[in-house]
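K.L.:
Dropping in coords.cif, with mmCIF, C-alpha atoms and all ligand atoms.
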```
data_final
loop_
_atom_site.label_atom_id
_atom_site.label_comp_id
_atom_site.auth_asym_id
_atom_site.auth_seq_id
_atom_site.Cartn_x
_atom_site.Cartn_y
_atom_site.Cartn_z
CA MET T 1 68.76 -211.54 125.82
CA LYS T 2 68.02 -213.58 128.93
CA LYS T 3 68.24 -210.55 131.17
CA THR T 4 66.01 -208.64 128.78
CA ALA T 5 63.17 -211.17 128.84
CA GLN T 6 63.17 -211.16 132.65
CA LYS T 7 63.34 -207.40 132.74
CA PHE T 8 60.25 -207.19 130.56
CA ALA T 9 58.22 -209.79 132.47
CA ASN T 10 54.65 -208.69 133.27
CA ILE T 11 54.83 -205.44 131.27
CA ARG T 12 51.67 -204.98 129.24
CA THR T 13 52.40 -205.89 125.62
CA PRO T 14 52.84 -204.81 122.91
CA PHE T 15 55.15 -201.94 123.80
CA TYR T 16 57.80 -199.79 122.19
CA TYR T 17 61.02 -199.99 124.15
CA TYR T 18 63.36 -197.03 123.75
CA ASP T 19 66.95 -197.53 124.86
CA MET T 20 67.87 -194.06 126.04
CA GLU T 21 71.55 -194.95 126.28
CA ILE T 22 71.72 -195.79 122.58
CA LEU T 23 69.82 -192.61 121.77
CA ASN T 24 72.14 -190.51 123.96
CA ASN T 25 75.26 -192.07 122.48
CA THR T 26 73.98 -191.54 118.94
CA ALA T 27 73.04 -187.93 119.66
CA SER T 28 76.40 -187.06 121.25
CA MET T 29 78.36 -188.67 118.46
CA VAL T 30 76.35 -186.85 115.79
CA ARG T 31 76.68 -183.54 117.68
CA ASP T 32 80.49 -183.94 117.80
CA LEU T 33 80.70 -184.87 114.11
CA ALA T 34 78.43 -181.98 113.16
CA GLN T 35 80.74 -179.58 114.97
CA LYS T 36 83.80 -181.13 113.34
CA TYR T 37 82.36 -180.80 109.83
CA ARG T 38 80.44 -177.54 110.46
CA ILE T 39 77.02 -178.93 109.64
CA ASP T 40 73.71 -177.89 111.25
CA VAL T 41 71.54 -180.88 112.09
CA HIS T 42 67.74 -180.68 112.12
CA TYR T 43 66.12 -183.87 113.42
CA ALA T 44 63.27 -184.98 111.11
CA ALA T 45 60.63 -185.35 113.80
CA LYS T 46 58.35 -187.43 111.59
CA ALA T 47 60.57 -190.44 112.29
CA ASN T 48 59.56 -190.42 115.94
CA GLU T 49 57.52 -187.66 117.56
CA ASP T 50 57.83 -188.99 121.10
CA PRO T 51 58.22 -185.77 123.14
CA ARG T 52 61.07 -187.18 125.24
CA ILE T 53 62.99 -188.13 122.10
CA VAL T 54 62.35 -184.79 120.43
CA SER T 55 63.39 -182.93 123.61
CA LEU T 56 66.55 -184.97 124.04
CA LEU T 57 67.59 -184.31 120.44
CA SER T 58 66.77 -180.62 120.66
CA ASP T 59 68.65 -180.37 123.99
CA THR T 60 71.62 -181.87 122.16
CA GLY T 61 71.55 -178.74 120.04
CA PHE T 62 69.75 -180.01 116.95
CA GLY T 63 67.04 -178.05 115.19
CA ILE T 64 63.85 -179.77 114.04
CA ASP T 65 62.62 -180.53 110.54
CA CYS T 66 58.81 -180.51 110.47
CA VAL T 67 56.28 -181.53 107.84
CA SER T 68 53.02 -180.49 109.47
CA GLY T 69 51.65 -177.65 111.53
CA ASP T 70 51.38 -179.89 114.57
CA GLU T 71 55.04 -180.90 114.23
CA VAL T 72 55.92 -177.20 114.25
CA LYS T 73 53.82 -176.84 117.43
CA LEU T 74 55.59 -179.87 118.93
CA ALA T 75 59.01 -178.38 118.16
CA LEU T 76 57.98 -175.06 119.74
CA SER T 77 56.58 -176.82 122.81
CA CYS T 78 59.87 -178.72 123.22
CA GLY T 79 61.64 -175.37 123.38
CA VAL T 80 63.38 -175.59 119.99
CA PRO T 81 64.54 -172.08 119.02
CA VAL T 82 62.42 -170.78 116.10
CA ASN T 83 65.41 -170.15 113.88
CA LYS T 84 66.27 -173.86 114.10
CA ILE T 85 62.85 -175.04 112.88
CA VAL T 86 62.39 -175.81 109.19
CA PHE T 87 59.09 -176.78 107.58
CA SER T 88 58.65 -178.77 104.36
CA GLY T 89 55.61 -180.32 102.74
CA VAL T 90 54.03 -180.26 99.33
CA GLY T 91 50.57 -179.46 100.69
CA LYS T 92 50.77 -176.95 103.53
CA SER T 93 47.40 -175.50 104.52
CA ASP T 94 46.88 -171.75 104.89
CA GLU T 95 46.62 -172.22 108.65
CA GLU T 96 49.92 -174.13 108.77
CA ILE T 97 51.66 -171.44 106.71
CA PHE T 98 50.19 -168.68 108.90
CA ASN T 99 51.23 -170.36 112.18
CA ALA T 100 54.75 -171.16 110.97
CA GLY T 101 55.23 -167.74 109.42
CA ILE T 102 53.94 -165.71 112.34
CA ALA T 103 56.10 -167.75 114.72
CA GLY T 104 59.07 -166.69 112.59
CA ILE T 105 60.50 -170.17 111.97
CA GLY T 106 63.86 -170.43 110.23
CA SER T 107 62.61 -171.64 106.89
CA ILE T 108 59.38 -172.56 105.21
CA ASN T 109 60.63 -174.84 102.44
CA VAL T 110 58.41 -173.83 99.55
CA GLU T 111 57.60 -176.64 97.12
CA SER T 112 55.95 -174.82 94.18
CA VAL T 113 55.64 -171.39 92.57
CA GLN T 114 52.00 -171.27 93.64
CA GLU T 115 52.95 -172.00 97.25
CA LEU T 116 55.42 -169.09 97.16
CA TYR T 117 52.62 -166.81 96.03
CA ILE T 118 50.35 -168.00 98.86
CA VAL T 119 53.05 -167.71 101.54
CA ASN T 120 53.67 -164.13 100.45
CA ALA T 121 49.94 -163.33 100.32
CA ILE T 122 49.36 -164.66 103.86
CA ALA T 123 52.45 -162.84 105.19
CA ALA T 124 51.37 -159.57 103.52
CA ASN T 125 47.83 -159.94 104.87
CA TYR T 126 49.04 -160.32 108.45
CA GLY T 127 52.05 -158.02 108.28
CA PHE T 128 54.94 -160.41 108.80
CA VAL T 129 57.89 -161.49 106.69
CA ALA T 130 58.25 -165.26 106.14
CA ASN T 131 61.66 -166.90 105.82
CA VAL T 132 61.66 -169.24 102.84
CA CYS T 133 63.92 -171.68 101.06
CA VAL T 134 63.06 -173.24 97.75
CA ARG T 135 62.83 -177.03 97.86
CA ILE T 136 64.45 -178.25 94.68
CA ASN T 137 63.64 -181.53 93.00
CA PRO T 138 66.95 -182.40 91.33
CA ASN T 139 65.77 -185.58 89.56
CA ILE T 140 68.42 -187.78 91.19
CA ASP T 141 67.86 -191.51 91.63
CA ALA T 142 69.04 -192.52 95.11
CA HIS T 143 68.49 -196.25 94.41
CA THR T 144 66.40 -196.88 97.47
CA PHE T 145 62.98 -198.53 97.61
CA ARG T 146 60.42 -196.80 95.45
CA TYR T 147 58.07 -195.73 98.22
CA VAL T 148 60.68 -193.47 99.83
CA THR T 149 62.19 -191.86 96.74
CA SER T 150 61.32 -188.19 96.64
CA GLY T 151 63.89 -186.55 94.36
CA LEU T 152 62.80 -187.85 90.96
CA ASN T 153 60.92 -185.70 88.46
CA THR T 154 58.02 -188.15 88.67
CA ASN T 155 57.67 -187.42 92.41
CA LYS T 156 55.38 -184.68 93.70
CA PHE T 157 58.07 -182.87 95.71
CA GLY T 158 59.86 -179.59 95.12
CA VAL T 159 60.50 -177.21 92.25
CA SER T 160 62.33 -178.54 89.20
CA GLU T 161 65.19 -176.71 87.50
CA SER T 162 62.97 -175.90 84.52
CA GLU T 163 60.74 -173.83 86.85
CA PHE T 164 63.58 -171.75 88.36
CA ASP T 165 62.99 -168.70 86.11
CA GLU T 166 59.31 -168.63 86.98
CA PHE T 167 60.12 -169.07 90.68
CA VAL T 168 62.55 -166.14 90.67
CA ALA T 169 60.12 -163.95 88.72
CA MET T 170 57.50 -164.62 91.40
CA LEU T 171 60.03 -164.02 94.16
CA ARG T 172 60.79 -160.56 92.79
CA ASN T 173 57.15 -159.62 93.37
CA CYS T 174 57.06 -161.00 96.89
CA THR T 175 57.62 -158.22 99.39
CA ASN T 176 56.81 -160.31 102.45
CA VAL T 177 59.17 -163.23 102.04
CA ARG T 178 62.85 -163.33 102.78
CA PHE T 179 64.69 -165.79 100.52
CA ARG T 180 67.22 -167.72 102.58
CA GLY T 181 68.44 -170.49 100.34
CA ILE T 182 67.86 -173.93 98.86
CA HIS T 183 66.58 -177.21 100.22
CA PHE T 184 66.59 -180.82 99.01
CA HIS T 185 65.41 -184.16 100.35
CA ILE T 186 65.74 -186.85 97.75
CA ALA T 187 65.20 -190.20 99.48
CA SER T 188 65.20 -192.26 102.64
CA GLN T 189 67.02 -195.45 103.71
CA VAL T 190 69.86 -194.71 101.31
CA ILE T 191 72.63 -197.27 101.62
CA ASP T 192 75.25 -195.80 99.27
CA MET T 193 75.03 -192.35 100.84
CA LYS T 194 78.49 -191.32 99.66
CA LYS T 195 77.70 -191.67 95.97
CA VAL T 196 74.33 -189.95 96.27
CA THR T 197 75.79 -187.12 98.37
CA VAL T 198 78.56 -186.37 95.87
CA GLU T 199 75.95 -186.01 93.13
CA LEU T 200 73.60 -183.99 95.34
CA CYS T 201 76.38 -181.58 96.39
CA LYS T 202 77.26 -180.97 92.73
CA ARG T 203 73.67 -180.09 91.97
CA ALA T 204 73.34 -177.98 95.12
CA ASN T 205 76.47 -175.97 94.28
CA ALA T 206 75.22 -175.34 90.74
CA ALA T 207 71.76 -174.33 91.94
CA ALA T 208 73.17 -172.02 94.65
CA ASP T 209 75.42 -170.34 92.06
CA TRP T 210 72.49 -169.92 89.71
CA PHE T 211 70.30 -168.23 92.34
CA GLU T 212 73.20 -165.96 93.27
CA SER T 213 73.68 -165.08 89.60
CA GLN T 214 70.11 -163.77 89.81
CA GLY T 215 71.08 -161.51 92.69
CA LEU T 216 69.61 -163.74 95.40
CA LYS T 217 71.96 -164.51 98.24
CA VAL T 218 72.01 -168.16 99.28
CA GLU T 219 72.66 -168.15 103.03
CA MET T 220 71.82 -171.79 103.59
CA ILE T 221 71.94 -175.08 101.75
CA ASN T 222 69.84 -177.84 103.29
CA LEU T 223 70.59 -181.31 101.92
CA GLY T 224 67.75 -183.15 103.71
CA GLY T 225 67.98 -186.58 105.32
CA GLY T 226 68.13 -190.13 104.04
CA LEU T 227 71.02 -191.90 105.75
CA GLY T 228 70.10 -195.58 105.91
CA VAL T 229 70.37 -198.02 108.81
CA ASN T 230 71.26 -201.70 109.03
CA TYR T 231 67.95 -203.53 109.50
CA GLU T 232 69.47 -206.95 108.80
CA ASN T 233 72.01 -206.78 111.58
CA PRO T 234 71.04 -204.17 114.14
CA TYR T 235 73.62 -205.39 116.70
CA GLU T 236 76.52 -204.76 114.35
CA CYS T 237 75.86 -201.14 113.66
CA LYS T 238 73.90 -199.32 116.36
CA ILE T 239 75.09 -195.89 115.16
CA PRO T 240 74.91 -195.39 111.39
CA ASP T 241 77.87 -194.00 109.49
CA PHE T 242 77.33 -190.26 109.98
CA GLU T 243 81.06 -189.61 109.68
CA THR T 244 81.28 -190.68 106.01
CA TRP T 245 78.12 -188.73 105.20
CA PHE T 246 79.29 -185.51 106.86
CA LYS T 247 82.85 -185.83 105.52
CA THR T 248 81.49 -186.32 101.99
CA ILE T 249 79.36 -183.21 102.36
CA ASP T 250 82.28 -181.22 103.74
CA GLU T 251 84.51 -182.26 100.84
CA ASN T 252 81.96 -181.59 98.12
CA ILE T 253 79.78 -178.67 99.12
CA SER T 254 80.73 -175.10 98.32
CA ARG T 255 80.53 -172.76 101.34
CA LYS T 256 81.04 -169.69 99.15
CA GLY T 257 79.96 -166.48 100.90
CA ASP T 258 79.65 -168.20 104.31
CA ARG T 259 76.74 -170.41 103.32
CA THR T 260 75.62 -172.59 106.23
CA ILE T 261 75.11 -176.28 105.52
CA HIS T 262 72.16 -178.19 106.97
CA VAL T 263 70.94 -181.79 107.06
CA GLU T 264 67.71 -183.43 108.26
CA PRO T 265 68.29 -187.02 109.40
CA GLY T 266 65.34 -188.86 110.93
CA ARG T 267 65.74 -192.63 110.73
CA ALA T 268 69.49 -192.69 111.32
CA LEU T 269 69.12 -190.91 114.67
CA VAL T 270 66.33 -193.00 116.16
CA ALA T 271 65.77 -196.33 114.37
CA GLN T 272 68.19 -198.40 116.40
CA CYS T 273 67.20 -197.11 119.83
CA GLY T 274 63.71 -198.54 119.49
CA ASP T 275 62.29 -202.07 119.46
CA LEU T 276 58.74 -203.34 119.46
CA ILE T 277 58.17 -206.02 122.11
CA THR T 278 55.25 -208.35 121.55
CA LYS T 279 53.87 -211.54 123.07
CA VAL T 280 53.07 -214.79 121.34
CA LEU T 281 49.34 -215.44 121.60
CA PHE T 282 49.12 -218.62 119.57
CA VAL T 283 51.32 -220.93 117.53
CA LYS T 284 49.34 -222.26 114.66
CA ASP T 285 50.48 -225.07 112.39
CA THR T 286 48.59 -225.39 109.16
CA GLU T 287 49.17 -227.77 106.30
CA ALA T 288 51.34 -225.23 104.51
CA LYS T 289 52.87 -223.08 107.24
CA SER T 290 53.59 -222.50 110.89
CA PHE T 291 52.36 -219.17 112.18
CA VAL T 292 53.40 -217.40 115.32
CA VAL T 293 50.49 -215.08 116.10
CA VAL T 294 51.59 -212.12 118.23
CA ASP T 295 49.68 -209.36 120.00
CA ALA T 296 51.27 -206.48 118.03
CA GLY T 297 49.74 -205.76 114.66
CA MET T 298 50.31 -203.76 111.51
CA ASN T 299 48.51 -200.96 113.34
CA ASN T 300 51.52 -200.75 115.69
CA LEU T 301 54.28 -201.17 113.10
CA VAL T 302 53.09 -200.80 109.54
CA ARG T 303 56.42 -200.81 107.69
CA PRO T 304 56.43 -204.54 106.78
CA ALA T 305 52.82 -204.42 105.55
CA PHE T 306 53.19 -201.07 103.80
CA TYR T 307 56.58 -201.40 102.15
CA GLY T 308 57.50 -205.08 102.55
CA ALA T 309 60.21 -203.70 104.89
CA PHE T 310 62.46 -206.10 106.78
CA HIS T 311 62.81 -205.99 110.57
CA LYS T 312 64.87 -208.60 112.39
CA VAL T 313 62.71 -210.67 114.76
CA GLU T 314 64.03 -212.72 117.70
CA ASN T 315 62.50 -214.71 120.52
CA LEU T 316 63.64 -213.18 123.82
CA THR T 317 62.09 -215.79 126.10
CA ALA T 318 63.59 -218.76 124.30
CA ALA T 319 66.95 -217.69 125.70
CA ASP T 320 65.68 -218.78 129.14
CA ARG T 321 65.14 -222.31 127.95
CA PRO T 322 67.88 -224.91 127.49
CA SER T 323 69.70 -223.77 124.38
CA LEU T 324 67.58 -224.42 121.37
CA PRO T 325 68.75 -223.92 117.81
CA CYS T 326 66.94 -221.50 115.52
CA ASN T 327 65.56 -224.40 113.57
CA ARG T 328 61.90 -223.57 113.14
CA ILE T 329 60.52 -221.62 110.24
CA TYR T 330 57.58 -219.39 111.08
CA ASP T 331 55.58 -216.56 109.62
CA VAL T 332 55.29 -214.01 112.42
CA VAL T 333 51.87 -212.43 112.07
CA GLY T 334 49.68 -209.96 113.93
CA PRO T 335 46.02 -210.17 114.93
CA VAL T 336 44.59 -207.79 112.31
CA CYS T 337 42.15 -209.19 109.75
CA GLU T 338 44.46 -208.61 106.77
CA SER T 339 47.01 -211.05 105.38
CA SER T 340 49.49 -208.22 104.99
CA ASP T 341 49.59 -208.06 108.80
CA THR T 342 52.84 -210.03 108.74
CA PHE T 343 56.05 -208.96 110.47
CA ALA T 344 58.30 -211.67 109.02
CA LYS T 345 57.91 -214.41 106.49
CA ASN T 346 59.80 -217.72 106.78
CA CYS T 347 61.59 -216.46 109.85
CA GLN T 348 64.06 -218.78 111.59
CA LEU T 349 63.35 -218.90 115.33
CA PRO T 350 63.77 -221.43 118.12
CA LEU T 351 60.65 -223.43 118.97
CA SER T 352 58.26 -220.72 120.14
CA VAL T 353 55.31 -221.14 122.48
CA ARG T 354 52.39 -219.14 123.82
CA GLY T 355 53.57 -216.41 126.20
CA ASP T 356 57.03 -215.96 124.67
CA LEU T 357 58.21 -212.40 124.17
CA LEU T 358 59.46 -211.52 120.70
CA ILE T 359 61.55 -208.49 119.85
CA ILE T 360 61.08 -206.69 116.53
CA HIS T 361 64.26 -204.70 116.07
CA SER T 362 65.07 -201.26 114.63
CA ALA T 363 61.56 -199.95 115.18
CA GLY T 364 62.52 -196.55 116.61
CA ALA T 365 61.94 -194.77 113.29
CA TYR T 366 58.60 -194.71 111.50
CA GLY T 367 57.26 -197.24 114.03
CA GLN T 368 55.12 -195.58 116.69
CA ALA T 369 55.00 -192.46 114.48
CA MET T 370 53.06 -194.35 111.80
CA SER T 371 50.85 -196.35 114.12
CA MET T 372 47.09 -196.18 113.85
CA ARG T 373 43.96 -197.48 115.48
CA TYR T 374 42.68 -199.64 112.58
CA THR T 375 39.99 -201.99 113.91
CA LEU T 376 40.19 -199.90 117.09
CA ARG T 377 43.29 -201.73 118.25
CA PRO T 378 45.17 -199.83 120.93
CA ILE T 379 48.30 -197.73 120.45
CA ALA T 380 51.25 -199.52 122.08
CA GLN T 381 52.58 -198.05 125.31
CA VAL T 382 56.09 -196.58 125.36
CA VAL T 383 58.65 -197.89 127.85
CA TYR T 384 61.92 -196.00 128.31
CA SER T 385 64.98 -197.95 129.42
CA ASP T 386 65.64 -195.52 132.26
CA ARG T 387 62.01 -195.51 133.47
CA ILE T 388 61.17 -199.16 133.13
CA ASP T 389 59.54 -199.21 136.58
CA GLU T 390 56.90 -196.80 135.29
CA ALA T 391 55.69 -199.25 132.63
CA GLU T 392 52.07 -200.31 132.79
CA LYS T 393 51.75 -203.91 134.00
CA GLU T 394 49.58 -206.67 132.62
CA THR T 395 46.50 -207.78 134.54
CA PRO T 396 46.55 -211.60 134.46
CA ILE T 397 43.31 -213.18 133.26
CA LEU T 398 44.31 -216.82 133.04
N1 LIG T 401 63.44 -184.28 105.35
C1 LIG T 401 62.29 -184.42 104.66
C2 LIG T 401 61.74 -183.26 103.97
C3 LIG T 401 61.64 -185.66 104.63
O1 LIG T 401 60.49 -185.77 103.95
C4 LIG T 401 62.20 -186.77 105.31
C5 LIG T 401 61.56 -188.07 105.28
C6 LIG T 401 63.40 -186.57 106.04
C7 LIG T 401 64.00 -185.31 106.03
C8 LIG T 401 64.04 -187.65 106.87
O2 LIG T 401 64.42 -188.75 106.13
P1 LIG T 401 65.25 -189.94 106.85
O3 LIG T 401 66.55 -189.37 107.35
O4 LIG T 401 64.44 -190.44 107.99
O5 LIG T 401 65.43 -190.96 105.80
N2 LIG T 401 57.93 -193.96 106.29
C9 LIG T 401 59.10 -194.33 105.51
C10 LIG T 401 60.09 -193.21 105.42
C11 LIG T 401 59.52 -191.95 104.82
C12 LIG T 401 60.47 -190.78 104.80
C13 LIG T 401 59.75 -189.53 104.49
N3 LIG T 401 60.53 -188.34 104.53
C14 LIG T 401 59.71 -195.59 106.13
O6 LIG T 401 59.14 -196.11 107.10
O7 LIG T 401 60.70 -196.09 105.64
#
```
As C-alpha cells - that is how I would like this structure written.
P.N.:
Amino acid sequence: MKKTAQKFANIRTPFYYYDMEILNNTASMVRDLAQKYRIDVHYAAKANEDPRIVSLLSDTGFGIDCVSGDEVKLALSCGVPVNKIVFSGVGKSDEEIFNAGIAGIGSINVESVQELYIVNAIAANYGFVANVCVRINPNIDAHTFRYVTSGLNTNKFGVSESEFDEFVAMLRNCTNVRFRGIHFHIASQVIDMKKVTVELCKRANAAADWFESQGLKVEMINLGGGLGVNYENPYECKIPDFETWFKTIDENISRKGDRTIHVEPGRALVAQCGDLITKVLFVKDTEAKSFVVVDAGMNNLVRPAFYGAFHKVENLTAADRPSLPCNRIYDVVGPVCESSDTFAKNCQLPLSVRGDLLIIHSAGAYGQAMSMRYTLRPIAQVVYSDRIDEAEKETPIL
C-alpha cells in the first residue's frame, strides 16, 4: 500500500484507477475456460463502458451484451463483430430497434409479445430481417439483493412461460424476424452460482425443447450474467470463480442439435480491476460520530447510497506513517448534500487526517458507469495502471 500512496501522489482526485494487469489476467483466464467448456462469452458492457476496457475484452474474443442503442454503437465502434453483439432491454425505442436490426446484430433479445410485433414491423418496413431470441422470465429466485433480481414473475423482464403460446403464434406471422433461440438473465451478484445455474439449466433445457416441439430451431441458449464477486475481501479473490460456473453449465445444459451456449458476465470481469481513489478533505468529530469527509461523492460511486452496497475502504497514506492500528471508527462520507452520500458506516481505519488518500475497492463494475453529475459535481478522471504518467495532476491551492 505504501508504494501505491506514493505512486498516486499529486494526481487529481477523485479518480478511478484501473489495474490493467488484473483485467488482462481475468480476461485471459476466462477466455481459456470458455474454450475449455465451449461457452461464448458476451461482456455486459453496462458494468463498465470505458472504451479501453470494452476494446480489451472484445480483443480477447468476447462478444458484447448491450442494453441501449448507444451501447450497441459503442460495441460497433470498438470493432466487435455484429454477430457477437446481443441486445436486451424491456423498453427498446423504435430507433434503437431499427439501428440494431439494420446493423444485423446477432440477437435482439425480445422481452414481450408486443415488442416482437414491433421488431417485425420495423424490419418489414425497412426491408431487413432481424435476428431475435426470446428473453424468458423463468420465475427463479437467485437469493441476491432485491434491487438486482430480474428473473422473478414480479419483475418487469422477459416473457413468462404462460405467454409462450401467444409468443409463438405471433412469431408465425413475423416474416422479417429470424428466431435464433432463448435468453435469460435472472440476477446479479449471485453468490451461490452453482445452485442457481443448475436450476436455470433445467428450465433452459425444458424451454428449448418446448420451442423445438413447435418447429422452431433453438440455435443458441444465452444464460445471462450474474456471477458475484467478493466485496468483503477483494485481495483474496481477484478473479471470481468462473470455472465452477462454466463447469456447472457444461454439466447441466443440453447441447442437442449443436446449440451454442452463451453467457453475459459484467461485474465478474471488471469489478476487481477498478478502485476509486479519494482524498480526505476534513475529519469531523461530532458528539455522536467521527466522519471522514472525502472528495468523492455518491455521484461518483452510487452503489452504497443506492443499494446499501458494501465496498471495502482503506487508508493508503496511513501506511506511510509509523504503523498505526486500525482502531478508529469512522463514517466515510462524501460532499453531496444528502445523508445517503456515505461510502462506509462504522468503518475501522487508522487515525486519518486531511490529505490522506483512501481507496474504495472493487469499484470497476457499476462504478464509473453509474456516475452522474448531481449538484454539477465532476465526473472522476480515469487513470490506467499502464498509463499513470498521463493522469491529470492537482493544482495546489494551499
Ligand atoms: N445481462 C443482462 C441482460 C443484464 O441486465 C445484466 C445486468 C447482465 C447481463 C450482467 O450482470 P452481471 O454479470 O454484471 O451481474 N447496478 C447493479 C447491477 C445491475 C445489473 C443489471 N443487469 C449493481 O451495481 O450491483
K.L.:
Rank T:Ala9, T:Val263, T:Ile97, T:Leu324 by their smallest atom-to-atom distance to ligand LIG 401 (chain T), using all atoms listed in the file, and report the top residue only.
P.N.:
T:Val263
K.L.:
So which residues are near ligand LIG 401 (chain T), meaning at most 7 Å away with only C-alpha atoms and all ligand atoms counted, given back as a PDB file with C-alpha atoms, in the frame of the given file?
P.N.:
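And here's out.pdb as it stands now:
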```
ATOM      1  CA  ALA T  44      63.270-184.980 111.110  1.00  0.00           C
ATOM      2  CA  ALA T  47      60.570-190.440 112.290  1.00  0.00           C
ATOM      3  CA  ASP T  65      62.620-180.530 110.540  1.00  0.00           C
ATOM      4  CA  VAL T  67      56.280-181.530 107.840  1.00  0.00           C
ATOM      5  CA  SER T  88      58.650-178.770 104.360  1.00  0.00           C
ATOM      6  CA  GLY T  89      55.610-180.320 102.740  1.00  0.00           C
ATOM      7  CA  VAL T 148      60.680-193.470  99.830  1.00  0.00           C
ATOM      8  CA  HIS T 185      65.410-184.160 100.350  1.00  0.00           C
ATOM      9  CA  ALA T 187      65.200-190.200  99.480  1.00  0.00           C
ATOM     10  CA  SER T 188      65.200-192.260 102.640  1.00  0.00           C
ATOM     11  CA  GLN T 189      67.020-195.450 103.710  1.00  0.00           C
ATOM     12  CA  GLY T 224      67.750-183.150 103.710  1.00  0.00           C
ATOM     13  CA  GLY T 225      67.980-186.580 105.320  1.00  0.00           C
ATOM     14  CA  GLY T 226      68.130-190.130 104.040  1.00  0.00           C
ATOM     15  CA  LEU T 227      71.020-191.900 105.750  1.00  0.00           C
ATOM     16  CA  GLY T 228      70.100-195.580 105.910  1.00  0.00           C
ATOM     17  CA  GLU T 264      67.710-183.430 108.260  1.00  0.00           C
ATOM     18  CA  PRO T 265      68.290-187.020 109.400  1.00  0.00           C
ATOM     19  CA  GLY T 266      65.340-188.860 110.930  1.00  0.00           C
ATOM     20  CA  ARG T 267      65.740-192.630 110.730  1.00  0.00           C
ATOM     21  CA  ALA T 268      69.490-192.690 111.320  1.00  0.00           C
ATOM     22  CA  ARG T 303      56.420-200.810 107.690  1.00  0.00           C
ATOM     23  CA  ALA T 365      61.940-194.770 113.290  1.00  0.00           C
ATOM     24  CA  TYR T 366      58.600-194.710 111.500  1.00  0.00           C
TER      25      TYR T 366
END
```
K.L.:
Please report the interatomic distance between CA of Leu171 (chain T) and CA of Phe157 (chain T) in Å with one decimal.
P.N.:
19.0 Å
K.L.:
With distances taken over only C-alpha atoms, which residue among T:Arg135, T:Ala103, T:Asp331, T:Val168 lies nearest Ser213 (chain T)?
P.N.:
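Once distances to Ser213 (chain T) are computed over only C-alpha atoms, the minimum belongs to T:Val168.
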K.L.:
Within 12 Å of Ile85 (chain T), counting only C-alpha atoms, which residues show up once you throw out same-chain ones fewer than 5 positions away? Write them as a PyMOL selection string, please.
P.N.:
chain T and resi 40-45+58+61-69+71-80+100-101+103-109+131-132+262+264
K.L.:
Identify, on the basis of all atoms listed in the file, every residue whose closest approach to Phe98 (chain T) does not exceed 9 Å; exclude the query and any residue fewer than 3 positions from it along the same chain; express the result as a PyMOL selection string.
P.N.:
chain T and resi 93-95+101-103+119+122-123+126
K.L.:
Which residue is closest to Pro322 (chain T)? Choose from T:Ala142, T:Met220, T:Leu351, T:Ala296 and count all atoms listed in the file.
P.N.:
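For Pro322 (chain T), the nearest of the given residues is T:Leu351.
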K.L.:
Do you have the CA of Cys337 (chain T)-CA of Val280 (chain T) distance handy?
P.N.:
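If I compute the distance from CA of Cys337 (chain T) to CA of Val280 (chain T), I get 16.9 Å.
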K.L.:
Would you compute the distance between CA of Pro51 (chain T) and CA of Asp389 (chain T)? Give it in Å to one decimal.
P.N.:
19.1 Å
K.L.:
Looking at all atoms listed in the file, which of T:Asn120, T:Gln368, T:Thr26, T:Thr244 is the one that sits closest to Met170 (chain T)?
P.N.:
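Using all atoms listed in the file, Met170 (chain T) sits closest to T:Asn120.
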K.L.:
Could you list, as a compact mmCIF listing (two decimals) with C-alpha atoms, in the coordinates of the input, every residue within 8 Å of Phe184 (chain T), counting all atoms listed in the file and ignoring same-chain residues fewer than 5 positions away?
P.N.:
```txt
# COMPACT_ATOMS: atom_id res chain seq x y z
CA ARG T 135 62.83 -177.03 97.86
CA ILE T 136 64.45 -178.25 94.68
CA ASN T 137 63.64 -181.53 93.00
CA PRO T 138 66.95 -182.40 91.33
CA GLY T 151 63.89 -186.55 94.36
CA GLY T 158 59.86 -179.59 95.12
CA ASN T 222 69.84 -177.84 103.29
CA LEU T 223 70.59 -181.31 101.92
CA GLY T 224 67.75 -183.15 103.71
```
K.L.:
Could you please fill out region 323-329 of chain T with N, CA, C and O atoms and send it back as a short mmCIF file (atom, residue, chain, number, x, y, z; two decimals), keeping the file's coordinate frame?
P.N.:
```
data_model
loop_
_atom_site.label_atom_id
_atom_site.label_comp_id
_atom_site.auth_asym_id
_atom_site.auth_seq_id
_atom_site.Cartn_x
_atom_site.Cartn_y
_atom_site.Cartn_z
N SER T 323 69.41 -224.35 125.69
CA SER T 323 69.70 -223.77 124.38
C SER T 323 69.10 -224.55 123.21
O SER T 323 69.34 -225.73 123.04
N LEU T 324 68.29 -223.82 122.50
CA LEU T 324 67.58 -224.42 121.37
C LEU T 324 68.06 -223.77 120.09
O LEU T 324 68.22 -222.56 120.04
N PRO T 325 68.32 -224.54 119.07
CA PRO T 325 68.75 -223.92 117.81
C PRO T 325 67.59 -223.17 117.15
O PRO T 325 66.43 -223.45 117.42
N CYS T 326 67.96 -222.22 116.31
CA CYS T 326 66.94 -221.50 115.52
C CYS T 326 66.54 -222.39 114.36
O CYS T 326 66.93 -222.15 113.23
N ASN T 327 65.80 -223.42 114.64
CA ASN T 327 65.56 -224.40 113.57
C ASN T 327 64.10 -224.53 113.18
O ASN T 327 63.70 -225.50 112.57
N ARG T 328 63.31 -223.55 113.58
CA ARG T 328 61.90 -223.57 113.14
C ARG T 328 61.70 -222.43 112.15
O ARG T 328 62.33 -221.39 112.28
N ILE T 329 60.82 -222.67 111.22
CA ILE T 329 60.52 -221.62 110.24
C ILE T 329 59.07 -221.18 110.45
O ILE T 329 58.15 -221.98 110.33
#
```
